[in-house]
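Novice: For reference, this is work23.json, and it has JSON, C-alpha atoms.
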```json
[["chain", "number", "residue", "atom", "x", "y", "z"],
["A", 1, "MET", "CA", 5.58, -20.08, 1.90],
["A", 2, "LYS", "CA", 5.68, -18.55, -1.55],
["A", 3, "GLY", "CA", 3.08, -17.06, -3.86],
["A", 4, "VAL", "CA", 3.16, -16.08, -7.52],
["A", 5, "LEU", "CA", 2.56, -12.41, -8.34],
["A", 6, "PHE", "CA", 2.70, -10.47, -11.59],
["A", 7, "ASN", "CA", 3.04, -6.96, -10.18],
["A", 8, "ILE", "CA", 3.45, -4.94, -7.02],
["A", 9, "GLN", "CA", 2.19, -1.46, -7.80],
["A", 10, "ARG", "CA", 3.03, 1.40, -5.47],
["A", 11, "PHE", "CA", 1.13, 4.68, -5.07],
["A", 12, "SER", "CA", -2.25, 3.36, -6.15],
["A", 13, "LEU", "CA", -5.19, 5.68, -5.49],
["A", 14, "HIS", "CA", -8.21, 3.72, -6.72],
["A", 15, "ASP", "CA", -8.25, 0.42, -4.83],
["A", 16, "GLY", "CA", -9.19, 1.40, -1.32],
["A", 17, "PRO", "CA", -8.76, 4.51, 0.82],
["A", 18, "GLY", "CA", -5.64, 6.63, 0.72],
["A", 19, "ILE", "CA", -2.35, 5.80, -0.97],
["A", 20, "ARG", "CA", -1.93, 2.06, -1.35],
["A", 21, "THR", "CA", 0.35, -0.68, -2.57],
["A", 22, "ASN", "CA", -1.46, -3.15, -4.83],
["A", 23, "VAL", "CA", -0.28, -6.75, -4.86],
["A", 24, "PHE", "CA", -1.39, -8.54, -8.05],
["A", 25, "PHE", "CA", -1.79, -12.32, -7.75],
["A", 26, "LYS", "CA", -1.46, -14.65, -10.74],
["A", 27, "GLY", "CA", -4.28, -17.08, -11.37],
["A", 28, "CYS", "CA", -8.03, -16.60, -11.64],
["A", 29, "PRO", "CA", -10.99, -19.02, -11.71],
["A", 30, "LEU", "CA", -12.92, -16.80, -14.13],
["A", 31, "ARG", "CA", -12.36, -15.91, -17.78],
["A", 32, "CYS", "CA", -14.33, -12.69, -18.22],
["A", 33, "VAL", "CA", -14.44, -11.91, -21.91],
["A", 34, "TRP", "CA", -13.58, -8.25, -21.31],
["A", 35, "CYS", "CA", -10.66, -8.90, -18.91],
["A", 36, "HIS", "CA", -7.79, -6.44, -19.27],
["A", 37, "ASN", "CA", -5.26, -8.47, -17.26],
["A", 38, "PRO", "CA", -4.63, -11.66, -19.31],
["A", 39, "GLU", "CA", -1.30, -12.04, -17.52],
["A", 40, "GLY", "CA", -3.36, -12.87, -14.46],
["A", 41, "PHE", "CA", -5.14, -15.91, -15.96],
["A", 42, "GLU", "CA", -2.63, -18.65, -15.16],
["A", 43, "ARG", "CA", -1.09, -19.18, -11.75],
["A", 44, "ALA", "CA", 2.37, -20.12, -13.06],
["A", 45, "PRO", "CA", 4.88, -17.59, -14.42],
["A", 46, "GLU", "CA", 4.61, -17.16, -18.20],
["A", 47, "LEU", "CA", 6.74, -15.95, -21.06],
["A", 48, "GLU", "CA", 5.66, -12.54, -22.37],
["A", 49, "TYR", "CA", 6.74, -11.52, -25.87],
["A", 50, "ASN", "CA", 6.44, -8.02, -27.30],
["A", 51, "ALA", "CA", 7.01, -8.23, -31.04],
["A", 52, "VAL", "CA", 7.28, -4.46, -31.36],
["A", 53, "LYS", "CA", 10.48, -4.43, -29.28],
["A", 54, "CYS", "CA", 12.13, -7.41, -30.97],
["A", 55, "ILE", "CA", 15.27, -6.48, -32.98],
["A", 56, "GLY", "CA", 15.75, -9.97, -34.47],
["A", 57, "CYS", "CA", 19.19, -10.45, -32.97],
["A", 58, "GLY", "CA", 18.79, -14.20, -32.36],
["A", 59, "ARG", "CA", 20.20, -14.22, -28.83],
["A", 60, "CYS", "CA", 17.00, -15.87, -27.55],
["A", 61, "ALA", "CA", 17.37, -18.73, -30.05],
["A", 62, "ALA", "CA", 20.94, -19.32, -28.97],
["A", 63, "ALA", "CA", 19.99, -19.35, -25.29],
["A", 64, "CYS", "CA", 16.91, -21.61, -25.53],
["A", 65, "PRO", "CA", 17.66, -25.33, -24.93],
["A", 66, "GLU", "CA", 14.26, -26.41, -26.30],
["A", 67, "GLY", "CA", 14.39, -24.65, -29.67],
["A", 68, "CYS", "CA", 11.37, -22.46, -28.94],
["A", 69, "HIS", "CA", 12.75, -19.46, -30.82],
["A", 70, "THR", "CA", 13.49, -19.17, -34.51],
["A", 71, "VAL", "CA", 14.87, -16.01, -36.11],
["A", 72, "ALA", "CA", 15.16, -15.81, -39.89],
["A", 73, "ASP", "CA", 15.70, -12.64, -41.92],
["A", 74, "GLY", "CA", 15.03, -10.62, -38.82],
["A", 75, "THR", "CA", 11.68, -12.27, -38.17],
["A", 76, "HIS", "CA", 11.16, -13.93, -34.79],
["A", 77, "ILE", "CA", 8.87, -16.96, -34.36],
["A", 78, "LEU", "CA", 8.01, -18.30, -30.91],
["A", 79, "ASN", "CA", 6.81, -21.89, -30.47],
["A", 80, "ARG", "CA", 5.14, -21.89, -27.07],
["A", 81, "GLU", "CA", 4.31, -25.60, -27.23],
["A", 82, "LYS", "CA", 8.01, -26.38, -26.73],
["A", 83, "CYS", "CA", 8.51, -23.86, -23.94],
["A", 84, "VAL", "CA", 9.33, -25.29, -20.50],
["A", 85, "ARG", "CA", 9.49, -21.79, -18.99],
["A", 86, "CYS", "CA", 13.16, -21.84, -18.05],
["A", 87, "PHE", "CA", 13.25, -18.15, -19.02],
["A", 88, "GLY", "CA", 16.84, -18.34, -20.29],
["A", 89, "CYS", "CA", 15.67, -16.36, -23.30],
["A", 90, "VAL", "CA", 14.52, -13.53, -21.04],
["A", 91, "ASP", "CA", 18.02, -13.19, -19.60],
["A", 92, "ALA", "CA", 19.49, -13.21, -23.12],
["A", 93, "CYS", "CA", 17.12, -10.62, -24.62],
["A", 94, "VAL", "CA", 18.83, -7.23, -24.77],
["A", 95, "ALA", "CA", 15.84, -5.41, -26.29],
["A", 96, "GLY", "CA", 13.33, -6.18, -23.55],
["A", 97, "ALA", "CA", 11.06, -7.99, -26.00],
["A", 98, "LEU", "CA", 10.97, -11.12, -23.82],
["A", 99, "LEU", "CA", 9.86, -10.81, -20.22],
["A", 100, "ARG", "CA", 8.89, -13.11, -17.37],
["A", 101, "ALA", "CA", 5.27, -12.45, -16.41],
["A", 102, "GLY", "CA", 5.04, -13.54, -12.79],
["A", 103, "ALA", "CA", 7.53, -14.45, -10.10],
["A", 104, "GLU", "CA", 7.58, -16.19, -6.75],
["A", 105, "TYR", "CA", 7.59, -14.06, -3.61],
["A", 106, "THR", "CA", 7.71, -14.86, 0.06],
["A", 107, "VAL", "CA", 5.63, -12.89, 2.55],
["A", 108, "ASP", "CA", 8.80, -11.10, 3.66],
["A", 109, "ASP", "CA", 9.60, -10.18, 0.03],
["A", 110, "VAL", "CA", 6.22, -8.51, -0.37],
["A", 111, "MET", "CA", 6.24, -6.78, 3.00],
["A", 112, "ALA", "CA", 9.68, -5.33, 2.31],
["A", 113, "LYS", "CA", 8.21, -3.52, -0.69],
["A", 114, "VAL", "CA", 5.04, -2.55, 1.15],
["A", 115, "GLU", "CA", 6.95, -1.07, 4.08],
["A", 116, "LEU", "CA", 8.79, 1.35, 1.77],
["A", 117, "ASP", "CA", 5.67, 3.53, 1.70],
["A", 118, "ARG", "CA", 4.52, 3.31, 5.31],
["A", 119, "PRO", "CA", 4.73, 7.12, 5.78],
["A", 120, "PHE", "CA", 2.30, 7.57, 2.88],
["A", 121, "TYR", "CA", -0.14, 5.07, 4.36],
["A", 122, "GLU", "CA", -0.06, 6.76, 7.73],
["A", 123, "ASN", "CA", -0.61, 10.23, 6.28],
["A", 124, "SER", "CA", -3.38, 9.22, 3.86],
["A", 125, "GLY", "CA", -5.16, 6.36, 5.60],
["A", 126, "GLY", "CA", -3.88, 3.95, 2.97],
["A", 127, "GLY", "CA", -2.46, 0.46, 3.15],
["A", 128, "ILE", "CA", -2.15, -2.78, 1.17],
["A", 129, "THR", "CA", -4.62, -4.11, -1.40],
["A", 130, "LEU", "CA", -4.57, -7.67, -2.70],
["A", 131, "SER", "CA", -5.73, -7.88, -6.31],
["A", 132, "GLY", "CA", -5.13, -9.98, -9.38],
["A", 133, "GLY", "CA", -6.03, -12.25, -11.04],
["A", 134, "GLU", "CA", -7.78, -13.45, -7.91],
["A", 135, "PRO", "CA", -6.05, -13.33, -4.52],
["A", 136, "PHE", "CA", -8.09, -16.22, -3.12],
["A", 137, "PHE", "CA", -6.92, -18.43, -6.01],
["A", 138, "GLN", "CA", -3.78, -18.69, -3.84],
["A", 139, "PRO", "CA", -5.62, -18.72, -0.52],
["A", 140, "GLU", "CA", -2.86, -19.65, 1.90],
["A", 141, "PHE", "CA", -0.46, -17.03, 0.57],
["A", 142, "ALA", "CA", -3.20, -14.39, 0.56],
["A", 143, "LEU", "CA", -4.13, -15.24, 4.15],
["A", 144, "ALA", "CA", -0.48, -15.13, 5.23],
["A", 145, "LEU", "CA", -0.04, -11.68, 3.66],
["A", 146, "LEU", "CA", -3.19, -10.38, 5.31],
["A", 147, "GLU", "CA", -2.17, -11.74, 8.70],
["A", 148, "GLU", "CA", 1.28, -10.18, 8.49],
["A", 149, "SER", "CA", -0.20, -6.87, 7.32],
["A", 150, "LYS", "CA", -2.54, -6.72, 10.31],
["A", 151, "LYS", "CA", 0.35, -7.55, 12.66],
["A", 152, "ARG", "CA", 2.08, -4.47, 11.27],
["A", 153, "GLY", "CA", -1.00, -2.29, 11.74],
["A", 154, "LEU", "CA", -1.76, -1.79, 8.06],
["A", 155, "HIS", "CA", -5.18, -1.18, 6.55],
["A", 156, "THR", "CA", -6.05, -4.14, 4.32],
["A", 157, "ALA", "CA", -8.29, -4.43, 1.28],
["A", 158, "VAL", "CA", -8.98, -7.35, -1.05],
["A", 159, "GLU", "CA", -10.36, -7.07, -4.56],
["A", 160, "THR", "CA", -12.10, -10.37, -5.25],
["A", 161, "CYS", "CA", -14.48, -12.02, -7.67],
["A", 162, "GLY", "CA", -15.76, -14.08, -4.73],
["A", 163, "LEU", "CA", -15.38, -17.48, -6.41],
["A", 164, "CYS", "CA", -13.61, -19.47, -3.71],
["A", 165, "PRO", "CA", -14.47, -21.85, -0.85],
["A", 166, "GLU", "CA", -16.58, -20.25, 1.87],
["A", 167, "ASP", "CA", -14.00, -21.36, 4.44],
["A", 168, "VAL", "CA", -11.43, -19.08, 2.80],
["A", 169, "ILE", "CA", -13.80, -16.13, 3.08],
["A", 170, "ARG", "CA", -14.47, -16.88, 6.74],
["A", 171, "ARG", "CA", -10.77, -17.16, 7.54],
["A", 172, "ALA", "CA", -9.95, -13.98, 5.63],
["A", 173, "ALA", "CA", -12.77, -11.78, 6.92],
["A", 174, "PRO", "CA", -11.23, -10.86, 10.32],
["A", 175, "LEU", "CA", -8.06, -9.79, 8.50],
["A", 176, "VAL", "CA", -9.73, -7.64, 5.82],
["A", 177, "ASP", "CA", -10.82, -4.06, 6.52],
["A", 178, "LEU", "CA", -12.48, -3.61, 3.13],
["A", 179, "PHE", "CA", -13.72, -6.04, 0.50],
["A", 180, "LEU", "CA", -13.76, -4.66, -3.05],
["A", 181, "TYR", "CA", -16.25, -7.24, -4.27],
["A", 182, "ASP", "CA", -17.03, -7.72, -7.95],
["A", 183, "TYR", "CA", -20.63, -7.99, -9.08],
["A", 184, "LYS", "CA", -20.33, -8.56, -12.81],
["A", 185, "ILE", "CA", -23.53, -9.83, -14.38],
["A", 186, "THR", "CA", -27.08, -10.60, -13.26],
["A", 187, "GLY", "CA", -28.33, -14.12, -13.98],
["A", 188, "GLU", "CA", -26.72, -17.54, -13.63],
["A", 189, "GLU", "CA", -26.64, -18.42, -17.33],
["A", 190, "GLU", "CA", -25.45, -14.99, -18.43],
["A", 191, "HIS", "CA", -22.73, -15.11, -15.81],
["A", 192, "LYS", "CA", -21.55, -18.51, -17.05],
["A", 193, "LYS", "CA", -21.61, -17.37, -20.67],
["A", 194, "PHE", "CA", -19.45, -14.30, -20.19],
["A", 195, "THR", "CA", -17.23, -15.23, -17.23],
["A", 196, "GLY", "CA", -16.97, -19.02, -17.47],
["A", 197, "ALA", "CA", -18.66, -19.74, -14.13],
["A", 198, "GLY", "CA", -22.00, -19.27, -12.41],
["A", 199, "GLN", "CA", -22.64, -16.77, -9.66],
["A", 200, "GLU", "CA", -24.29, -18.89, -6.96],
["A", 201, "ILE", "CA", -21.10, -19.33, -4.91],
["A", 202, "ILE", "CA", -20.12, -15.72, -5.54],
["A", 203, "LEU", "CA", -23.38, -14.37, -4.14],
["A", 204, "LYS", "CA", -23.32, -16.79, -1.20],
["A", 205, "ASN", "CA", -19.82, -15.63, -0.27],
["A", 206, "LEU", "CA", -20.85, -12.00, -0.64],
["A", 207, "ARG", "CA", -23.66, -12.51, 1.84],
["A", 208, "THR", "CA", -21.24, -14.29, 4.16],
["A", 209, "VAL", "CA", -18.91, -11.29, 4.09],
["A", 210, "ASN", "CA", -21.84, -9.02, 4.85],
["A", 211, "GLY", "CA", -23.00, -11.26, 7.68],
["A", 212, "LEU", "CA", -19.53, -11.15, 9.22],
["A", 213, "GLY", "CA", -19.77, -7.37, 9.40],
["A", 214, "ARG", "CA", -17.00, -6.47, 6.99],
["A", 215, "GLN", "CA", -17.16, -3.31, 4.90],
["A", 216, "ILE", "CA", -17.95, -3.90, 1.23],
["A", 217, "VAL", "CA", -17.63, -1.82, -1.92],
["A", 218, "LEU", "CA", -19.57, -3.40, -4.78],
["A", 219, "ARG", "CA", -17.48, -3.13, -7.94],
["A", 220, "CYS", "CA", -19.65, -3.30, -11.02],
["A", 221, "PRO", "CA", -18.08, -3.35, -14.48],
["A", 222, "VAL", "CA", -20.37, -1.96, -17.18],
["A", 223, "ILE", "CA", -19.77, -3.79, -20.44],
["A", 224, "PRO", "CA", -21.62, -2.57, -23.56],
["A", 225, "GLY", "CA", -23.90, -5.22, -25.00],
["A", 226, "ILE", "CA", -23.45, -7.55, -22.03],
["A", 227, "ASN", "CA", -24.73, -5.95, -18.83],
["A", 228, "ASP", "CA", -25.62, -2.36, -19.75],
["A", 229, "ASN", "CA", -29.33, -2.82, -19.17],
["A", 230, "GLU", "CA", -32.00, -1.86, -16.67],
["A", 231, "ARG", "CA", -32.39, -5.40, -15.36],
["A", 232, "HIS", "CA", -28.77, -5.43, -14.25],
["A", 233, "TYR", "CA", -28.83, -1.87, -12.90],
["A", 234, "SER", "CA", -31.87, -2.72, -10.79],
["A", 235, "ALA", "CA", -30.19, -5.87, -9.49],
["A", 236, "VAL", "CA", -27.07, -3.92, -8.51],
["A", 237, "ALA", "CA", -29.18, -1.40, -6.60],
["A", 238, "ALA", "CA", -31.27, -4.08, -4.90],
["A", 239, "LEU", "CA", -28.18, -6.00, -3.81],
["A", 240, "ALA", "CA", -26.56, -2.86, -2.43],
["A", 241, "ASP", "CA", -29.66, -2.03, -0.41],
["A", 242, "GLU", "CA", -30.07, -5.62, 0.81],
["A", 243, "LEU", "CA", -26.58, -5.78, 2.31],
["A", 244, "ASP", "CA", -26.13, -3.51, 5.32],
["A", 245, "ASN", "CA", -22.35, -3.42, 5.05],
["A", 246, "VAL", "CA", -22.17, -2.24, 1.45],
["A", 247, "VAL", "CA", -20.79, 1.27, 1.85],
["A", 248, "ARG", "CA", -20.65, 2.23, -1.83],
["A", 249, "VAL", "CA", -21.18, 1.05, -5.40],
["A", 250, "ASP", "CA", -18.36, 1.62, -7.88],
["A", 251, "VAL", "CA", -19.39, 1.73, -11.54],
["A", 252, "GLU", "CA", -16.46, 0.60, -13.67],
["A", 253, "PRO", "CA", -17.06, 1.46, -17.35],
["A", 254, "TYR", "CA", -15.43, -0.78, -19.95],
["A", 255, "HIS", "CA", -12.05, 0.26, -21.29],
["A", 256, "ASP", "CA", -9.84, -1.35, -23.90],
["A", 257, "LEU", "CA", -6.43, -0.60, -22.37],
["A", 258, "GLY", "CA", -5.63, -4.29, -21.91],
["A", 259, "ARG", "CA", -6.38, -5.54, -25.42],
["A", 260, "ALA", "CA", -2.80, -5.12, -26.62],
["A", 261, "LYS", "CA", -1.58, -7.42, -23.86],
["A", 262, "TYR", "CA", -3.25, -10.49, -25.33],
["A", 263, "ALA", "CA", -0.87, -10.76, -28.28],
["A", 264, "LYS", "CA", 2.08, -10.86, -25.86],
["A", 265, "PHE", "CA", 0.80, -14.24, -24.63],
["A", 266, "ASP", "CA", -0.46, -15.53, -28.01],
["A", 267, "ARG", "CA", -4.05, -15.14, -26.83],
["A", 268, "GLU", "CA", -6.95, -13.69, -28.75],
["A", 269, "PRO", "CA", -9.09, -11.04, -27.04],
["A", 270, "LYS", "CA", -12.71, -12.20, -26.91],
["A", 271, "PHE", "CA", -14.43, -8.85, -26.67],
["A", 272, "ALA", "CA", -14.21, -5.38, -28.15],
["A", 273, "SER", "CA", -16.43, -2.34, -27.88],
["A", 274, "ASP", "CA", -16.39, 1.41, -28.13],
["A", 275, "VAL", "CA", -15.36, 3.11, -24.93],
["A", 276, "MET", "CA", -18.20, 4.92, -23.19],
["A", 277, "SER", "CA", -18.24, 8.70, -23.29],
["A", 278, "LYS", "CA", -18.23, 10.80, -20.13],
["A", 279, "ASP", "CA", -21.96, 11.49, -20.53],
["A", 280, "GLU", "CA", -22.73, 7.79, -21.04],
["A", 281, "LYS", "CA", -20.82, 6.88, -17.91],
["A", 282, "GLU", "CA", -22.67, 9.47, -15.88],
["A", 283, "ALA", "CA", -26.01, 8.27, -17.27],
["A", 284, "VAL", "CA", -25.31, 4.74, -16.02],
["A", 285, "ARG", "CA", -24.21, 6.02, -12.62],
["A", 286, "SER", "CA", -27.37, 8.13, -12.33],
["A", 287, "ARG", "CA", -29.67, 5.26, -13.31],
["A", 288, "ILE", "CA", -28.24, 3.04, -10.59],
["A", 289, "GLN", "CA", -28.20, 5.88, -8.06],
["A", 290, "GLU", "CA", -31.92, 6.49, -8.63],
["A", 291, "LYS", "CA", -32.62, 2.94, -7.48],
["A", 292, "THR", "CA", -30.48, 2.72, -4.33],
["A", 293, "ARG", "CA", -29.90, 4.65, -1.14],
["A", 294, "LYS", "CA", -26.18, 3.77, -1.24],
["A", 295, "ARG", "CA", -23.67, 6.13, -2.81],
["A", 296, "VAL", "CA", -22.77, 5.33, -6.43],
["A", 297, "ILE", "CA", -19.60, 6.65, -8.05],
["A", 298, "ILE", "CA", -17.70, 6.16, -11.33],
["A", 299, "SER", "CA", -14.48, 4.36, -10.56]]
```
Now that the file is in, can you turn its structure into structure tokens?

Specialist:
Amino acid sequence: MKGVLFNIQRFSLHDGPGIRTNVFFKGCPLRCVWCHNPEGFERAPELEYNAVKCIGCGRCAAACPEGCHTVADGTHILNREKCVRCFGCVDACVAGALLRAGAEYTVDDVMAKVELDRPFYENSGGGITLSGGEPFFQPEFALALLEESKKRGLHTAVETCGLCPEDVIRRAAPLVDLFLYDYKITGEEEHKKFTGAGQEIILKNLRTVNGLGRQIVLRCPVIPGINDNERHYSAVAALADELDNVVRVDVEPYHDLGRAKYAKFDREPKFASDVMSKDEKEAVRSRIQEKTRKRVIIS
């Protein structure tokens, strides 16, 4: 069995307890307008092009059998419509301007990287976190990784948007020590408008996770002009209090660190805003904390 990942990040400190290895899956059923990981949209590997690094040498044009690359007077033009993703241009590029975003891994491939840091997990209470994209967009590979991780005695966490078949959630739950569960926007229509899908299935799956007794951290992005309002803050607090197994609420203020990535895939970012100040972040955290008995932190 193979899955498609776009990164395996070691020494992560913010996606579950202790020191962790984050496994980033390609493919996601949502299209949140503020997303900072556009390389996680599609399941298949993609060609990434960084124009800043291009030296106009023309090696990519010579290597491409489909004529996707044109270099004239030092200017590089990429025609993605012709690209069959053979990635011969990536091998030819000496400047690192062309990269392959995403690669196939077996379970053993991933676990070999995860096991490199076992001493850190044992000393810190860490483990493996599946993220993305959306891990459950590749359900069988995610389940296989979780099963193997538990066989090896590792703490497991999954960061999920919750938009997947309920059967996947039920199969995964016994293998997951901690769900990092996104709660993005309050209201069905608002959720569709800004993420591309409604939230009915997401909320149903969240309640299923809670009913199965698994620990949950609610992860709540705060996006200026979209969900930074009292209605949403109250809904976050009410949901946290409703679900017995929510152990914490993480407030995730908007940042713009991913905007530059969009150009590398010939995509246009759909959202931009000023980054919240430290005081503004704390004000949001405090407003939610006033409404819930669960602990609220800034993530």

Novice: Could you please determine the separation between CA of Thr292 (chain A) and CA of Asp228 (chain A) in Å, to one decimal place?

Specialist: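 Calculated distance between CA of Thr292 (chain A) and CA of Asp228 (chain A) is 16.9 Å.
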
Novice: Mind giving me the straight-line distance from CA of Leu212 (chain A) to CA of Val168 (chain A) in Å, one decimal?

Specialist: 13.0 Å

Novice: Excluding Gly196 (chain A) and its own-chain neighbours fewer than 3 positions away, which residues fall within 7 Å of it when counting all atoms listed in the file? Please give them as a PyMOL selection string.

Specialist: chain A and resi 30-32+192-193

Novice: Extract, using all atoms listed in the file, all DNA, RNA and protein residues at most 12 Å from Val251 (chain A), discarding same-chain residues fewer than 2 positions from it, and format them as number ranges by chain.

Specialist: A: 181-184, 217-223, 227-228, 233, 236-237, 248-249, 253-254, 280-289, 295-299

Novice: How many Å lie between CA of Val158 (chain A) and CA of Tyr262 (chain A), rounded to one decimal?

Specialist: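 CA of Tyr262 (chain A) lies 25.1 Å from CA of Val158 (chain A).
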
Novice: Would you list the residues near (-8.4, -11.8, 10.0), meaning any protein, DNA or RNA residue with an atom at most 10 Å from that point in file coordinates, counting all atoms listed in the file, as a PyMOL selection string?

Specialist: chain A and resi 143-144+146-150+156+169-177

Novice: Using C-alpha atoms, can you export the residues from the last selection as a short mmCIF file (atom, residue, chain, number, x, y, z; two decimals), keeping the file's coordinate frame?

Specialist:
```cif
data_model
loop_
_atom_site.label_atom_id
_atom_site.label_comp_id
_atom_site.auth_asym_id
_atom_site.auth_seq_id
_atom_site.Cartn_x
_atom_site.Cartn_y
_atom_site.Cartn_z
CA LEU A 143 -4.13 -15.24 4.15
CA ALA A 144 -0.48 -15.13 5.23
CA LEU A 146 -3.19 -10.38 5.31
CA GLU A 147 -2.17 -11.74 8.70
CA GLU A 148 1.28 -10.18 8.49
CA SER A 149 -0.20 -6.87 7.32
CA LYS A 150 -2.54 -6.72 10.31
CA THR A 156 -6.05 -4.14 4.32
CA ILE A 169 -13.80 -16.13 3.08
CA ARG A 170 -14.47 -16.88 6.74
CA ARG A 171 -10.77 -17.16 7.54
CA ALA A 172 -9.95 -13.98 5.63
CA ALA A 173 -12.77 -11.78 6.92
CA PRO A 174 -11.23 -10.86 10.32
CA LEU A 175 -8.06 -9.79 8.50
CA VAL A 176 -9.73 -7.64 5.82
CA ASP A 177 -10.82 -4.06 6.52
#
```

Novice: Would you please work out which residue, of A:Val84, A:Ala197, A:Leu178, A:Ile19, is nearest to Asp117 (chain A) when using all atoms listed in the file?

Specialist: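 Counting all atoms listed in the file, the residue closest to Asp117 (chain A) is A:Ile19.
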
Novice: Please enclose the listed atoms of region 154-167 of chain A in an axis-aligned box, pad each side by 3 Å, and write out the centre and the three edge lengths in Å, rounded to one decimal, as lines of an AutoDock Vina configuration file.

Specialist:
```
center_x = -9.2
center_y = -11.5
center_z = 0.2
size_x = 20.8
size_y = 26.7
size_z = 21.7
```

Novice: Taking 3 positions as the minimum chain separation for residues in the same chain, which residues sit within 8 Å of Gly125 (chain A) when counting only C-alpha atoms? Answer as a ChimeraX atom specification.

Specialist: /A:17-19,121-122,155

Novice: Can those selected residues be exported to a file as a PDB file, keeping the file's coordinate frame so that it contains C-alpha atoms?

Specialist:
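Listed below is the output, result15.pdb:
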```
ATOM      1  CA  PRO A  17      -8.760   4.510   0.820  1.00  0.00           C
ATOM      2  CA  GLY A  18      -5.640   6.630   0.720  1.00  0.00           C
ATOM      3  CA  ILE A  19      -2.350   5.800  -0.970  1.00  0.00           C
ATOM      4  CA  TYR A 121      -0.140   5.070   4.360  1.00  0.00           C
ATOM      5  CA  GLU A 122      -0.060   6.760   7.730  1.00  0.00           C
ATOM      6  CA  HIS A 155      -5.180  -1.180   6.550  1.00  0.00           C
TER       7      HIS A 155
END
```

Novice: Quick one: everything within 8 Å of Ala44 (chain A), counting all atoms listed in the file, minus sequence neighbours fewer than 4 positions away in the same chain. Send it as a ChimeraX atom specification.

Specialist: /A:4,26-27,102

Novice: If we count all atoms listed in the file and set the cut-off at 8 Å, which residues sit around region 9-16 of chain A, ignoring sequence neighbours fewer than 3 positions away in its own chain? Please answer as a list in words.

Specialist: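 Within the cut-off, the hits are Ile19, Arg20, Thr21, Asn22, Val23, Phe24, Val114, Asp117, Gly126, Thr129, Ala157, Glu159, Leu178, Leu180 and Ser299 of chain A.
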
Novice: Kindly complete region 30-44 of chain A to N, CA and C atoms; the output should be written as a PDB file, in the coordinates of the input.

Specialist:
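The resulting selection31.pdb:
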```
ATOM      1  N   LEU A  30     -12.009 -17.301 -13.110  1.00  0.00           N
ATOM      2  CA  LEU A  30     -12.920 -16.800 -14.130  1.00  0.00           C
ATOM      3  C   LEU A  30     -12.156 -16.470 -15.417  1.00  0.00           C
ATOM      4  N   ARG A  31     -12.909 -16.366 -16.507  1.00  0.00           N
ATOM      5  CA  ARG A  31     -12.360 -15.910 -17.780  1.00  0.00           C
ATOM      6  C   ARG A  31     -13.339 -14.894 -18.376  1.00  0.00           C
ATOM      7  N   CYS A  32     -13.439 -13.752 -17.749  1.00  0.00           N
ATOM      8  CA  CYS A  32     -14.330 -12.690 -18.220  1.00  0.00           C
ATOM      9  C   CYS A  32     -13.891 -12.251 -19.611  1.00  0.00           C
ATOM     10  N   VAL A  33     -14.822 -12.176 -20.528  1.00  0.00           N
ATOM     11  CA  VAL A  33     -14.440 -11.910 -21.910  1.00  0.00           C
ATOM     12  C   VAL A  33     -13.825 -10.528 -22.091  1.00  0.00           C
ATOM     13  N   TRP A  34     -14.095  -9.611 -21.187  1.00  0.00           N
ATOM     14  CA  TRP A  34     -13.580  -8.250 -21.310  1.00  0.00           C
ATOM     15  C   TRP A  34     -12.309  -8.030 -20.478  1.00  0.00           C
ATOM     16  N   CYS A  35     -11.767  -9.059 -19.855  1.00  0.00           N
ATOM     17  CA  CYS A  35     -10.660  -8.900 -18.910  1.00  0.00           C
ATOM     18  C   CYS A  35      -9.494  -8.143 -19.536  1.00  0.00           C
ATOM     19  N   HIS A  36      -8.928  -7.214 -18.773  1.00  0.00           N
ATOM     20  CA  HIS A  36      -7.790  -6.440 -19.270  1.00  0.00           C
ATOM     21  C   HIS A  36      -6.481  -6.846 -18.607  1.00  0.00           C
ATOM     22  N   ASN A  37      -6.486  -7.964 -17.858  1.00  0.00           N
ATOM     23  CA  ASN A  37      -5.260  -8.470 -17.260  1.00  0.00           C
ATOM     24  C   ASN A  37      -5.045  -9.949 -17.633  1.00  0.00           C
ATOM     25  N   PRO A  38      -4.818 -10.249 -18.922  1.00  0.00           N
ATOM     26  CA  PRO A  38      -4.630 -11.660 -19.310  1.00  0.00           C
ATOM     27  C   PRO A  38      -3.413 -12.292 -18.660  1.00  0.00           C
ATOM     28  N   GLU A  39      -2.460 -11.488 -18.218  1.00  0.00           N
ATOM     29  CA  GLU A  39      -1.300 -12.040 -17.520  1.00  0.00           C
ATOM     30  C   GLU A  39      -1.668 -12.607 -16.161  1.00  0.00           C
ATOM     31  N   GLY A  40      -2.896 -12.338 -15.725  1.00  0.00           N
ATOM     32  CA  GLY A  40      -3.360 -12.870 -14.460  1.00  0.00           C
ATOM     33  C   GLY A  40      -4.144 -14.160 -14.574  1.00  0.00           C
ATOM     34  N   PHE A  41      -4.336 -14.693 -15.777  1.00  0.00           N
ATOM     35  CA  PHE A  41      -5.140 -15.910 -15.960  1.00  0.00           C
ATOM     36  C   PHE A  41      -4.503 -17.114 -15.262  1.00  0.00           C
ATOM     37  N   GLU A  42      -3.297 -17.442 -15.664  1.00  0.00           N
ATOM     38  CA  GLU A  42      -2.630 -18.650 -15.160  1.00  0.00           C
ATOM     39  C   GLU A  42      -1.878 -18.347 -13.868  1.00  0.00           C
ATOM     40  N   ARG A  43      -1.797 -19.369 -13.010  1.00  0.00           N
ATOM     41  CA  ARG A  43      -1.090 -19.180 -11.750  1.00  0.00           C
ATOM     42  C   ARG A  43       0.424 -19.170 -11.946  1.00  0.00           C
ATOM     43  N   ALA A  44       0.923 -19.976 -12.869  1.00  0.00           N
ATOM     44  CA  ALA A  44       2.370 -20.120 -13.060  1.00  0.00           C
ATOM     45  C   ALA A  44       2.945 -18.929 -13.827  1.00  0.00           C
TER      46      ALA A  44
END
```
